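Undergrad: Below you'll find model12.txt; it's compact mmCIF, C-alpha atoms.
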```txt
# COMPACT_ATOMS: atom_id res chain seq x y z
CA MET A 1 109.81 103.25 81.79
CA ARG A 2 108.43 105.23 84.74
CA ARG A 3 108.95 102.34 87.15
CA PHE A 4 112.73 102.52 86.51
CA LEU A 5 112.90 106.23 87.35
CA PRO A 6 113.74 107.44 90.86
CA ASP A 7 110.71 108.46 92.93
CA THR A 8 110.22 112.01 94.12
CA PHE A 9 111.32 111.20 97.65
CA LEU A 10 114.65 109.80 96.44
CA ILE A 11 115.26 113.02 94.52
CA LEU A 12 114.55 114.97 97.71
CA LEU A 13 116.94 112.71 99.62
CA LEU A 14 119.68 113.30 97.06
CA CYS A 15 119.08 117.06 97.22
CA THR A 16 119.30 116.88 101.02
CA VAL A 17 122.60 115.02 100.83
CA GLY A 18 123.83 117.61 98.32
CA LEU A 19 122.80 120.45 100.63
CA ALA A 20 124.56 118.81 103.58
CA SER A 21 127.67 118.38 101.42
CA VAL A 22 127.75 122.05 100.46
CA VAL A 23 126.28 123.69 103.58
CA PRO A 24 126.62 121.25 106.48
CA ALA A 25 124.97 122.04 109.80
CA SER A 26 127.48 122.86 112.49
CA GLY A 27 127.88 124.61 115.82
CA THR A 28 124.85 126.13 117.55
CA PHE A 29 122.64 125.70 114.49
CA ALA A 30 123.35 121.95 114.44
CA ALA A 31 122.45 121.66 118.13
CA TRP A 32 119.11 123.43 117.70
CA PHE A 33 118.41 121.55 114.47
CA ALA A 34 119.01 118.26 116.32
CA ILE A 35 116.35 119.21 118.88
CA ALA A 36 113.89 120.10 116.12
CA THR A 37 114.68 116.79 114.39
CA ASN A 38 113.98 114.77 117.53
CA LEU A 39 110.62 116.53 117.92
CA ALA A 40 109.74 115.83 114.28
CA ILE A 41 110.60 112.14 114.68
CA ALA A 42 108.47 111.94 117.84
CA LEU A 43 105.57 113.46 115.89
CA LEU A 44 106.11 110.95 113.07
CA PHE A 45 105.83 107.94 115.39
CA PHE A 46 102.89 109.50 117.22
CA LEU A 47 101.06 109.65 113.87
CA HIS A 48 102.03 106.04 113.12
CA GLY A 49 100.44 105.00 116.40
CA ALA A 50 97.31 107.06 115.83
CA ARG A 51 96.85 105.73 112.28
CA LEU A 52 96.91 102.06 113.29
CA SER A 53 93.38 100.79 113.90
CA ARG A 54 93.02 98.45 116.87
CA ASP A 55 90.45 96.36 114.96
CA VAL A 56 93.08 95.72 112.30
CA VAL A 57 95.60 94.71 114.94
CA VAL A 58 93.21 92.21 116.54
CA ALA A 59 92.21 90.74 113.17
CA GLY A 60 95.79 90.51 111.98
CA LEU A 61 97.11 88.85 115.13
CA LEU A 62 94.98 85.79 114.40
CA HIS A 63 97.18 84.99 111.40
CA TRP A 64 100.20 84.15 113.53
CA ARG A 65 101.91 81.77 111.04
CA LEU A 66 102.17 84.51 108.43
CA HIS A 67 103.55 87.04 110.91
CA LEU A 68 106.07 84.54 112.24
CA VAL A 69 107.46 83.88 108.75
CA ILE A 70 107.76 87.62 108.06
CA LEU A 71 109.43 88.38 111.39
CA LEU A 72 111.89 85.50 110.99
CA THR A 73 112.76 86.76 107.52
CA THR A 74 113.14 90.37 108.67
CA PHE A 75 115.14 89.72 111.84
CA GLY A 76 116.64 86.30 111.03
CA LEU A 77 117.37 85.71 107.35
CA PHE A 78 118.43 89.28 106.60
CA PRO A 79 121.02 89.42 109.42
CA LEU A 80 122.45 86.03 108.39
CA LEU A 81 122.90 87.29 104.82
CA GLY A 82 124.46 90.47 106.19
CA LEU A 83 126.98 88.43 108.16
CA ALA A 84 127.82 86.46 105.02
CA LEU A 85 128.73 89.70 103.24
CA GLY A 86 131.27 90.28 105.98
CA TYR A 87 133.53 87.73 104.31
CA LEU A 88 134.17 90.22 101.50
CA PRO A 89 137.60 91.83 101.98
CA SER A 90 137.64 95.49 103.02
CA SER A 91 139.47 96.28 99.78
CA ILE A 92 136.20 95.45 97.97
CA LEU A 93 133.64 96.58 100.54
CA PRO A 94 135.03 99.21 102.96
CA GLN A 95 134.27 98.40 106.58
CA PRO A 96 132.18 101.55 107.36
CA LEU A 97 129.89 100.79 104.40
CA TYR A 98 129.69 97.13 105.40
CA TYR A 99 128.49 98.22 108.84
CA GLY A 100 125.80 100.23 107.05
CA ILE A 101 124.69 97.13 105.15
CA LEU A 102 124.72 95.07 108.36
CA PHE A 103 122.65 97.77 110.05
CA LEU A 104 119.99 97.77 107.32
CA CYS A 105 119.77 93.98 107.68
CA VAL A 106 118.52 94.29 111.28
CA LEU A 107 115.93 96.99 110.60
CA PRO A 108 112.15 96.42 110.62
CA SER A 109 109.99 96.32 107.52
CA THR A 110 108.38 99.37 105.95
CA VAL A 111 104.77 100.22 106.75
CA GLN A 112 103.26 102.41 104.02
CA SER A 113 104.95 100.92 100.96
CA SER A 114 104.53 97.31 102.14
CA ILE A 115 100.80 97.88 102.50
CA ALA A 116 100.57 99.79 99.20
CA PHE A 117 102.35 97.08 97.18
CA THR A 118 100.38 94.31 98.90
CA SER A 119 97.15 96.08 97.99
CA MET A 120 98.26 96.70 94.39
CA ALA A 121 99.16 93.03 93.94
CA GLY A 122 95.93 91.71 95.49
CA GLY A 123 97.40 90.41 98.73
CA ASN A 124 96.06 90.15 102.29
CA VAL A 125 95.99 93.85 103.21
CA PRO A 126 94.79 93.53 106.86
CA ALA A 127 97.56 91.02 107.54
CA ALA A 128 100.07 93.34 105.84
CA ILE A 129 99.01 96.26 108.02
CA CYS A 130 99.36 94.19 111.18
CA SER A 131 102.62 92.54 110.18
CA ALA A 132 104.38 95.72 109.02
CA SER A 133 103.27 97.58 112.14
CA ALA A 134 104.31 94.71 114.41
CA SER A 135 107.69 94.62 112.67
CA ASN A 136 108.28 98.26 113.55
CA ILE A 137 107.16 97.82 117.15
CA PHE A 138 109.38 94.76 117.68
CA GLY A 139 112.15 96.54 115.82
CA MET A 140 112.41 99.16 118.55
CA PHE A 141 113.67 96.36 120.82
CA LEU A 142 115.21 93.90 118.36
CA THR A 143 117.20 96.30 116.19
CA PRO A 144 119.44 97.66 118.99
CA LEU A 145 119.77 94.14 120.43
CA LEU A 146 120.85 92.73 117.07
CA VAL A 147 123.19 95.66 116.47
CA GLY A 148 124.85 94.96 119.80
CA LEU A 149 125.14 91.23 119.05
CA LEU A 150 126.31 91.38 115.43
CA PHE A 151 128.58 94.40 115.76
CA SER A 152 130.27 92.99 118.88
CA MET A 153 130.94 89.77 116.90
CA GLY A 154 132.77 91.95 114.37
CA GLY A 155 134.69 93.82 117.04
CA HIS A 156 132.76 97.08 116.56
CA GLY A 157 131.16 97.99 119.86
CA GLY A 158 128.55 96.04 121.76
CA PHE A 159 125.09 96.20 123.25
CA SER A 160 124.02 99.46 124.86
CA TRP A 161 121.05 99.77 127.17
CA ASP A 162 121.32 103.52 126.74
CA ALA A 163 120.58 103.17 123.01
CA VAL A 164 117.54 101.00 123.78
CA SER A 165 116.21 103.46 126.35
CA GLN A 166 116.65 106.40 123.96
CA ILE A 167 114.82 104.56 121.19
CA LEU A 168 111.98 103.68 123.56
CA VAL A 169 111.67 107.30 124.68
CA GLN A 170 111.96 108.87 121.22
CA LEU A 171 109.99 106.29 119.22
CA LEU A 172 107.93 103.89 121.34
CA LEU A 173 106.44 106.41 123.79
CA PRO A 174 105.07 108.70 121.03
CA PHE A 175 103.76 105.59 119.21
CA ALA A 176 102.01 104.35 122.36
CA PHE A 177 100.53 107.80 123.00
CA GLY A 178 99.18 107.80 119.45
CA GLN A 179 97.59 104.40 120.05
CA ILE A 180 95.92 105.72 123.21
CA LEU A 181 94.39 108.59 121.25
CA GLU A 182 93.55 106.45 118.17
CA PRO A 183 89.84 106.02 119.07
CA LYS A 184 89.43 109.80 119.09
CA ILE A 185 91.66 110.98 116.25
CA GLY A 186 92.44 107.84 114.24
CA ASN A 187 89.69 108.25 111.63
CA TRP A 188 90.64 111.87 110.98
CA ILE A 189 94.35 111.06 110.61
CA ARG A 190 93.63 108.17 108.22
CA SER A 191 91.38 110.41 106.12
CA GLU A 192 94.02 113.18 105.94
CA ARG A 193 96.91 111.01 104.72
CA LYS A 194 98.01 113.45 102.01
CA LEU A 195 97.92 116.37 104.42
CA LEU A 196 100.14 114.54 106.89
CA MET A 197 102.59 113.10 104.36
CA PRO A 198 104.98 116.10 104.74
CA VAL A 199 105.50 115.06 108.37
CA ASP A 200 106.58 111.58 107.26
CA ARG A 201 108.99 112.74 104.62
CA GLY A 202 110.07 115.99 106.26
CA SER A 203 111.21 114.29 109.46
CA ILE A 204 113.31 111.77 107.53
CA LEU A 205 114.88 114.53 105.42
CA MET A 206 115.77 116.42 108.61
CA VAL A 207 117.54 113.38 110.08
CA VAL A 208 119.36 112.69 106.80
CA TYR A 209 120.54 116.32 106.59
CA LEU A 210 121.81 116.22 110.17
CA ALA A 211 123.51 112.83 109.74
CA PHE A 212 125.25 113.75 106.51
CA SER A 213 126.24 117.16 107.82
CA THR A 214 128.17 115.47 110.61
CA ALA A 215 129.66 112.95 108.19
CA VAL A 216 130.71 115.65 105.70
CA VAL A 217 132.45 117.61 108.44
CA GLU A 218 134.29 114.38 109.28
CA GLY A 219 135.34 113.90 105.62
CA LEU A 220 132.77 111.36 104.35
CA TRP A 221 133.26 112.03 100.63
CA HIS A 222 137.01 111.73 100.94
CA MET A 223 136.69 108.23 102.38
CA PHE A 224 134.76 106.47 99.58
CA SER A 225 135.02 106.33 95.79
CA LEU A 226 132.32 105.81 93.15
CA CYS A 227 133.54 102.23 92.92
CA ASP A 228 132.80 101.77 96.64
CA ILE A 229 129.26 103.09 96.15
CA ALA A 230 128.78 100.75 93.17
CA VAL A 231 129.79 97.78 95.34
CA VAL A 232 127.16 98.79 97.90
CA VAL A 233 124.50 98.98 95.17
CA VAL A 234 125.38 95.48 93.97
CA ALA A 235 125.39 94.15 97.55
CA ASP A 236 121.97 95.71 98.18
CA MET A 237 120.61 94.14 94.98
CA VAL A 238 121.96 90.71 95.92
CA LEU A 239 120.44 90.97 99.40
CA LEU A 240 117.04 91.95 98.07
CA GLY A 241 117.11 89.33 95.32
CA LEU A 242 117.91 86.48 97.71
CA VAL A 243 115.22 87.51 100.18
CA LEU A 244 112.62 87.92 97.41
CA LEU A 245 113.40 84.39 96.19
CA PHE A 246 113.03 83.05 99.73
CA THR A 247 109.76 84.86 100.48
CA THR A 248 108.21 84.07 97.09
CA TYR A 249 109.01 80.36 96.86
CA GLY A 250 109.27 79.66 100.58
CA SER A 251 105.72 80.90 101.20
CA ARG A 252 104.49 78.52 98.48
CA LEU A 253 106.30 75.55 100.01
CA LEU A 254 104.80 76.41 103.41
CA GLY A 255 101.29 76.11 101.95
CA PHE A 256 100.10 79.74 102.17
CA ASN A 257 97.37 80.84 99.77
CA LYS A 258 98.07 83.35 96.99
CA ALA A 259 97.02 86.43 98.96
CA ASP A 260 99.22 85.47 101.91
CA GLN A 261 102.15 84.67 99.59
CA ILE A 262 101.95 88.21 98.22
CA THR A 263 101.87 89.66 101.75
CA ILE A 264 104.92 87.65 102.82
CA THR A 265 106.79 88.65 99.68
CA PHE A 266 106.35 92.39 100.20
CA CYS A 267 106.41 92.65 104.00
CA GLY A 268 109.32 90.26 104.45
CA SER A 269 111.66 91.74 101.84
CA LYS A 270 111.58 95.45 102.69
CA LYS A 271 113.50 97.64 105.11
CA SER A 272 112.26 100.86 106.69
CA LEU A 273 114.02 104.13 105.96
CA ALA A 274 111.57 105.94 108.24
CA SER A 275 112.59 103.84 111.25
CA GLY A 276 116.18 103.17 110.22
CA VAL A 277 117.49 106.72 109.96
CA PRO A 278 116.25 107.82 113.43
CA MET A 279 117.54 104.59 114.98
CA ALA A 280 120.95 105.06 113.39
CA ASN A 281 121.05 108.57 114.77
CA VAL A 282 120.53 107.19 118.29
CA ILE A 283 122.52 103.94 118.15
CA PHE A 284 125.55 105.43 116.41
CA ALA A 285 125.50 108.85 118.04
CA GLY A 286 128.91 110.46 117.80
CA GLN A 287 130.02 108.13 115.00
CA GLY A 288 129.93 108.28 111.18
CA VAL A 289 126.16 108.02 110.75
CA GLY A 290 126.35 109.17 107.13
CA ALA A 291 128.23 106.03 106.07
CA ILE A 292 125.81 103.90 108.12
CA VAL A 293 122.64 105.21 106.43
CA LEU A 294 124.03 105.46 102.88
CA PRO A 295 123.48 101.73 102.07
CA LEU A 296 119.95 102.03 103.51
CA MET A 297 119.12 105.00 101.27
CA LEU A 298 120.30 103.08 98.21
CA PHE A 299 118.39 99.95 99.30
CA HIS A 300 115.26 102.08 99.71
CA GLN A 301 115.17 103.01 96.03
CA ILE A 302 116.15 99.52 94.83
CA GLN A 303 113.34 97.89 96.82
CA LEU A 304 110.79 100.39 95.53
CA MET A 305 111.67 99.72 91.88
CA ALA A 306 111.84 95.94 92.30
CA CYS A 307 108.61 95.67 94.32
CA ALA A 308 106.75 97.96 91.89
CA MET A 309 107.58 95.60 89.02
CA ILE A 310 106.60 92.52 91.05
CA ALA A 311 103.32 94.11 92.21
CA GLN A 312 102.42 95.02 88.62
CA LYS A 313 103.15 91.45 87.55
CA TYR A 314 100.86 90.06 90.25
CA ALA A 315 98.12 92.58 89.35
CA LYS A 316 98.26 91.70 85.64
CA ALA A 317 98.13 87.97 86.42
CA ALA A 318 95.08 88.50 88.66
CA HIS A 319 93.41 90.58 85.94
CA ARG A 320 93.97 87.88 83.31
CA SER A 321 92.59 85.15 85.57
CA ALA A 322 89.49 87.27 86.25
CA LEU A 323 88.69 87.74 82.56
CA PRO A 324 85.81 85.53 81.30
CA GLN A 325 86.99 82.67 79.12
CA ALA A 326 85.92 82.84 75.50
CA GLU A 327 83.24 80.33 74.53
CA PRO A 328 84.52 77.62 72.16
CA ALA A 329 83.27 77.97 68.63
CA VAL A 330 80.44 75.56 67.72
CA SER A 331 80.86 73.83 64.39
CA THR A 332 77.87 74.09 62.07
CA VAL A 333 79.12 71.35 59.79
```
Spit out the file's structure as structure tokens when you get a sec.

TA:
Amino acid sequence: MRRFLPDTFLILLLCTVGLASVVPASGTFAAWFAIATNLAIALLFFLHGARLSRDVVVAGLLHWRLHLVILLTTFGLFPLLGLALGYLPSSILPQPLYYGILFLCVLPSTVQSSIAFTSMAGGNVPAAICSASASNIFGMFLTPLLVGLLFSMGGHGGFSWDAVSQILVQLLLPFAFGQILEPKIGNWIRSERKLLMPVDRGSILMVVYLAFSTAVVEGLWHMFSLCDIAVVVVADMVLLGLVLLFTTYGSRLLGFNKADQITITFCGSKKSLASGVPMANVIFAGQGVGAIVLPLMLFHQIQLMACAMIAQKYAKAAHRSALPQAEPAVSTV
């Protein structure tokens, strides 16, 4: 039953949303908190860059077919499915929440959880590390480009070079600086993963608190009903289910081996909360960011529960196939 329960981080996210609903940041405090949040996000991406081994990158880049399938799923199939959801009338799926779903569809894959589930299921871990990391690097360029393209098609803004430049400054530069220092500090950072986890989660919680504070001040909870939230949950589940079907059976049809199929399944079907929330804060600055990130927060928990079950299924199947076969009984008659 534990796999159906919310993880600790989701509970913290819900508490953060609750805090923002009761005591939203405003005025001078909000301005200073925004500066602190930007610094925390820069530190987060610096650590991502310093953690990523260059040897892993070089080894992973050789498996270009696998990475191409994952990138096309992440930045191709997902956005197409998001556009299809746009045909739902706004009376069923309110437009601000639909924009949140469309935004999550153009985000890069997760890093930590994609690698963890791939490892648990017996997949190609080096390829997962390279693919998930590449997805986040490309996402710094592709996500704002796709937002500009898809949202302008729906009559909601267009492409902004300013958003791209801010993302590059806040996310890519710290990441690149971490990569430069990786030979000196990479081993220490990888060995102190538990010590540095509060930076990962703390920075996301800070952005969520700031985003929802602004949204609450603007009347977020008066805009949507529980029925609206339920529709978003169902839409998230449909999105994830369709992509999981594509990655699972599509990778088989393309002739990948079992380990690579597992990697494609987990890296291609997930969306990054760690990258998505900071990007939303930049791309949609001055708008209702709370409504934009709400579908992503719900998708985050849904993907964790679904992928945990799938990873356990793969692990059990691998364990059964590794067991020695019982010798047939020899008749003495």

Undergrad: I'd like to know which of A:Val231, A:Ile264, A:Ala20, A:Ala176 is closest to A:Gly123, using all atoms listed in the file.

TA: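 The closest residue to A:Gly123 is A:Ile264.
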
Undergrad: Around all the atoms of stretch 219-238 of chain A listed in the file, with 3 Å of room on each side, what axis-aligned box do you get, giving centre and edge lengths in Å to one decimal, as JSON?

TA:
```
{"center_x": 128.8, "center_y": 102.3, "center_z": 99.3, "size_x": 22.4, "size_y": 29.2, "size_z": 18.7}
```

Undergrad: Can you measure atom CA of A:Ile129 to atom CA of A:Leu205 for me? One decimal in Å is fine.

TA: 24.3 Å

Undergrad: Residues near A:Leu14, anyone? I mean within 12 Å using all atoms listed in the file, not counting same-chain ones fewer than 4 positions away, as a list in words.

TA: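 Surrounding residues, per the criterion: Pro6, Asp7, Thr8, Phe9, Leu10, Gly18, Leu19, Ala20, Ser21, Leu205, Val208, Tyr209, Phe212, Leu294, Met297, Leu298 and Gln301 of chain A.
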
Undergrad: Atom CA of A:Phe266 and atom CA of A:Asn136 are how many Å apart?

TA: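 Calculated distance between atom CA of A:Phe266 and atom CA of A:Asn136 is 14.7 Å.
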
Undergrad: How many Å lie between atom CA of A:Asp236 and atom CA of A:Lys316, rounded to one decimal?

TA: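 Computed distance, atom CA of A:Asp236 to atom CA of A:Lys316, equals 27.1 Å.
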
Undergrad: Between A:Ile310, A:Lys271, A:His67, A:Thr214, single out the one closest to A:Gly27, counting only C-alpha atoms.

TA: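 Closest residue, counting only C-alpha atoms: A:Thr214.
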
Undergrad: List the spatial neighbours of A:Leu172 as a list in words - criterion: any atom at most 12 Å away, only C-alpha atoms, same-chain residues fewer than 5 positions off excluded.

TA: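 In the requested form, the answer reads Ile41, Ala42, Leu43, Leu44, Phe45, Phe46, Leu47, His48, Gly49, Asn136, Ile137, Phe138, Gly139, Met140, Phe141, Val164, Ser165, Gln166, Ile167, Phe177, Gly178, Gln179, Ser275 and Met279 of chain A.
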
Undergrad: Go through A:Ile35, A:Ala50, A:Ala127, A:Val289 one by one, measure the shortest atom-to-atom distance of each to A:Ser213 using all atoms listed in the file, and give the residue with the smallest value.

TA: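 Checking each of A:Ile35, A:Ala50, A:Ala127, A:Val289 against A:Ser213, counting all atoms listed in the file, the winner is A:Val289.
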
Undergrad: Pick the closest to A:Ala116 from A:Ala308, A:Leu102, A:Leu210, A:Lys313: which is it, counting only C-alpha atoms?

TA: A:Ala308

Undergrad: Which one of A:Val293, A:Ser53, A:Ala25, A:Ser225 sits closest to A:Arg190 if you count only C-alpha atoms?

TA: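 Of A:Val293, A:Ser53, A:Ala25, A:Ser225, the one nearest A:Arg190, counting only C-alpha atoms, is A:Ser53.
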
Undergrad: Rank A:Pro79, A:Pro183, A:Pro295, A:Gly219 by their smallest atom-to-atom distance to A:Phe151, using all atoms listed in the file, and report the top residue only.

TA: A:Pro79

Undergrad: Find the residues with any atom within 7 Å of (97.0, 88.5, 102.9); use only C-alpha atoms and the coordinates as given in the file, and write the answer as a list in words.

TA: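 Counting only C-alpha atoms, I find these residues within 7 Å of (97.0, 88.5, 102.9): Gly123, Asn124, Val125, Pro126, Ala127, Ala128, Ala259, Asp260, Ile262 and Thr263 of chain A.
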
Undergrad: Please, which residues in stretch 221-289 of chain A fall within 12 Å of stretch 83-87 of chain A when counting all atoms listed in the file, and what is the closest atom pair and distance in Å to one decimal for each, ordered by chain then residue number, as a Markdown table?

TA:
```
| residue | atom | partner | partner_atom | distance |
| --- | --- | --- | --- | --- |
| A:Val231 | CA | A:Leu85 | CA | 11.3 |
| A:Val232 | CA | A:Leu85 | CA | 10.7 |
| A:Val234 | CA | A:Leu85 | CA | 11.4 |
| A:Ala235 | CA | A:Leu85 | CA | 8.0 |
| A:Asp236 | CA | A:Leu85 | CA | 10.4 |
| A:Val238 | CA | A:Leu85 | CA | 10.0 |
| A:Leu239 | CA | A:Leu85 | CA | 9.2 |
```

Undergrad: At the level of C-alpha atoms, write stretch 211-304 of chain A to a file as a PDB file, in the first residue's frame, please.

TA:
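Now in selection31.pdb:
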```
ATOM      1  CA  ALA A 211       4.302  31.528  -6.965  1.00  0.00           C
ATOM      2  CA  PHE A 212       1.271  30.556  -4.920  1.00  0.00           C
ATOM      3  CA  SER A 213       1.570  33.637  -2.728  1.00  0.00           C
ATOM      4  CA  THR A 214       1.180  35.804  -5.806  1.00  0.00           C
ATOM      5  CA  ALA A 215      -1.670  33.643  -7.091  1.00  0.00           C
ATOM      6  CA  VAL A 216      -3.504  33.708  -3.743  1.00  0.00           C
ATOM      7  CA  VAL A 217      -3.278  37.490  -3.600  1.00  0.00           C
ATOM      8  CA  GLU A 218      -4.820  37.496  -7.092  1.00  0.00           C
ATOM      9  CA  GLY A 219      -7.675  35.199  -5.954  1.00  0.00           C
ATOM     10  CA  LEU A 220      -6.508  31.754  -7.161  1.00  0.00           C
ATOM     11  CA  TRP A 221      -8.772  29.679  -4.904  1.00  0.00           C
ATOM     12  CA  HIS A 222     -11.817  31.693  -5.895  1.00  0.00           C
ATOM     13  CA  MET A 223     -11.245  30.880  -9.567  1.00  0.00           C
ATOM     14  CA  PHE A 224     -11.317  27.051  -9.474  1.00  0.00           C
ATOM     15  CA  SER A 225     -13.536  24.417  -7.857  1.00  0.00           C
ATOM     16  CA  LEU A 226     -12.701  20.902  -6.642  1.00  0.00           C
ATOM     17  CA  CYS A 227     -14.319  19.651  -9.838  1.00  0.00           C
ATOM     18  CA  ASP A 228     -11.816  21.707 -11.871  1.00  0.00           C
ATOM     19  CA  ILE A 229      -8.912  20.163  -9.938  1.00  0.00           C
ATOM     20  CA  ALA A 230     -10.369  16.674 -10.488  1.00  0.00           C
ATOM     21  CA  VAL A 231     -10.485  17.320 -14.253  1.00  0.00           C
ATOM     22  CA  VAL A 232      -6.792  18.274 -14.169  1.00  0.00           C
ATOM     23  CA  VAL A 233      -5.947  15.049 -12.302  1.00  0.00           C
ATOM     24  CA  VAL A 234      -7.782  12.978 -14.922  1.00  0.00           C
ATOM     25  CA  ALA A 235      -6.097  14.889 -17.758  1.00  0.00           C
ATOM     26  CA  ASP A 236      -2.677  14.318 -16.161  1.00  0.00           C
ATOM     27  CA  MET A 237      -3.407  10.597 -15.805  1.00  0.00           C
ATOM     28  CA  VAL A 238      -4.502  10.320 -19.438  1.00  0.00           C
ATOM     29  CA  LEU A 239      -1.370  12.138 -20.614  1.00  0.00           C
ATOM     30  CA  LEU A 240       0.931   9.910 -18.603  1.00  0.00           C
ATOM     31  CA  GLY A 241      -0.907   6.740 -19.597  1.00  0.00           C
ATOM     32  CA  LEU A 242      -0.707   7.482 -23.323  1.00  0.00           C
ATOM     33  CA  VAL A 243       2.987   8.351 -23.174  1.00  0.00           C
ATOM     34  CA  LEU A 244       3.781   5.239 -21.108  1.00  0.00           C
ATOM     35  CA  LEU A 245       2.025   3.091 -23.717  1.00  0.00           C
ATOM     36  CA  PHE A 246       4.012   4.772 -26.490  1.00  0.00           C
ATOM     37  CA  THR A 247       7.391   4.481 -24.759  1.00  0.00           C
ATOM     38  CA  THR A 248       6.824   0.899 -23.606  1.00  0.00           C
ATOM     39  CA  TYR A 249       5.548  -0.628 -26.842  1.00  0.00           C
ATOM     40  CA  GLY A 250       7.177   1.817 -29.243  1.00  0.00           C
ATOM     41  CA  SER A 251      10.654   1.023 -27.907  1.00  0.00           C
ATOM     42  CA  ARG A 252       9.962  -2.681 -28.500  1.00  0.00           C
ATOM     43  CA  LEU A 253       8.840  -2.080 -32.078  1.00  0.00           C
ATOM     44  CA  LEU A 254      11.997  -0.022 -32.701  1.00  0.00           C
ATOM     45  CA  GLY A 255      14.154  -3.015 -31.718  1.00  0.00           C
ATOM     46  CA  PHE A 256      15.746  -1.735 -28.488  1.00  0.00           C
ATOM     47  CA  ASN A 257      16.933  -4.325 -25.979  1.00  0.00           C
ATOM     48  CA  LYS A 258      15.222  -4.736 -22.596  1.00  0.00           C
ATOM     49  CA  ALA A 259      17.548  -2.407 -20.684  1.00  0.00           C
ATOM     50  CA  ASP A 260      17.097   0.364 -23.247  1.00  0.00           C
ATOM     51  CA  GLN A 261      13.316  -0.164 -23.315  1.00  0.00           C
ATOM     52  CA  ILE A 262      13.239   0.454 -19.567  1.00  0.00           C
ATOM     53  CA  THR A 263      15.336   3.612 -19.947  1.00  0.00           C
ATOM     54  CA  ILE A 264      13.066   4.989 -22.679  1.00  0.00           C
ATOM     55  CA  THR A 265       9.973   4.195 -20.623  1.00  0.00           C
ATOM     56  CA  PHE A 266      11.110   6.127 -17.555  1.00  0.00           C
ATOM     57  CA  CYS A 267      13.080   8.986 -19.120  1.00  0.00           C
ATOM     58  CA  GLY A 268      10.543   9.663 -21.859  1.00  0.00           C
ATOM     59  CA  SER A 269       7.410   9.720 -19.717  1.00  0.00           C
ATOM     60  CA  LYS A 270       8.403  12.057 -16.886  1.00  0.00           C
ATOM     61  CA  LYS A 271       8.335  15.811 -16.415  1.00  0.00           C
ATOM     62  CA  SER A 272      10.623  17.841 -14.172  1.00  0.00           C
ATOM     63  CA  LEU A 273       9.184  19.784 -11.264  1.00  0.00           C
ATOM     64  CA  ALA A 274      12.678  21.016 -10.375  1.00  0.00           C
ATOM     65  CA  SER A 275      13.117  22.679 -13.781  1.00  0.00           C
ATOM     66  CA  GLY A 276       9.463  23.472 -14.435  1.00  0.00           C
ATOM     67  CA  VAL A 277       8.690  25.658 -11.436  1.00  0.00           C
ATOM     68  CA  PRO A 278      11.692  28.011 -11.913  1.00  0.00           C
ATOM     69  CA  MET A 279      10.995  28.240 -15.653  1.00  0.00           C
ATOM     70  CA  ALA A 280       7.347  29.087 -15.030  1.00  0.00           C
ATOM     71  CA  ASN A 281       8.449  31.803 -12.643  1.00  0.00           C
ATOM     72  CA  VAL A 282      10.541  33.380 -15.421  1.00  0.00           C
ATOM     73  CA  ILE A 283       8.370  32.745 -18.489  1.00  0.00           C
ATOM     74  CA  PHE A 284       5.096  33.784 -16.847  1.00  0.00           C
ATOM     75  CA  ALA A 285       6.444  36.550 -14.637  1.00  0.00           C
ATOM     76  CA  GLY A 286       3.653  38.908 -13.656  1.00  0.00           C
ATOM     77  CA  GLN A 287       0.950  36.376 -14.541  1.00  0.00           C
ATOM     78  CA  GLY A 288      -0.950  33.679 -12.604  1.00  0.00           C
ATOM     79  CA  VAL A 289       1.969  31.308 -12.033  1.00  0.00           C
ATOM     80  CA  GLY A 290       0.063  29.377  -9.365  1.00  0.00           C
ATOM     81  CA  ALA A 291      -2.479  28.096 -11.888  1.00  0.00           C
ATOM     82  CA  ILE A 292       0.352  27.286 -14.315  1.00  0.00           C
ATOM     83  CA  VAL A 293       2.316  25.081 -11.892  1.00  0.00           C
ATOM     84  CA  LEU A 294      -0.682  23.393 -10.224  1.00  0.00           C
ATOM     85  CA  PRO A 295      -1.125  20.744 -12.998  1.00  0.00           C
ATOM     86  CA  LEU A 296       2.637  20.093 -12.860  1.00  0.00           C
ATOM     87  CA  MET A 297       2.553  19.497  -9.097  1.00  0.00           C
ATOM     88  CA  LEU A 298      -0.289  17.005  -9.515  1.00  0.00           C
ATOM     89  CA  PHE A 299       1.485  15.304 -12.444  1.00  0.00           C
ATOM     90  CA  HIS A 300       4.610  14.996 -10.297  1.00  0.00           C
ATOM     91  CA  GLN A 301       2.883  12.777  -7.748  1.00  0.00           C
ATOM     92  CA  ILE A 302       0.975  10.762 -10.368  1.00  0.00           C
ATOM     93  CA  GLN A 303       4.166   9.954 -12.276  1.00  0.00           C
ATOM     94  CA  LEU A 304       5.972   8.914  -9.096  1.00  0.00           C
TER      95      LEU A 304
END
```
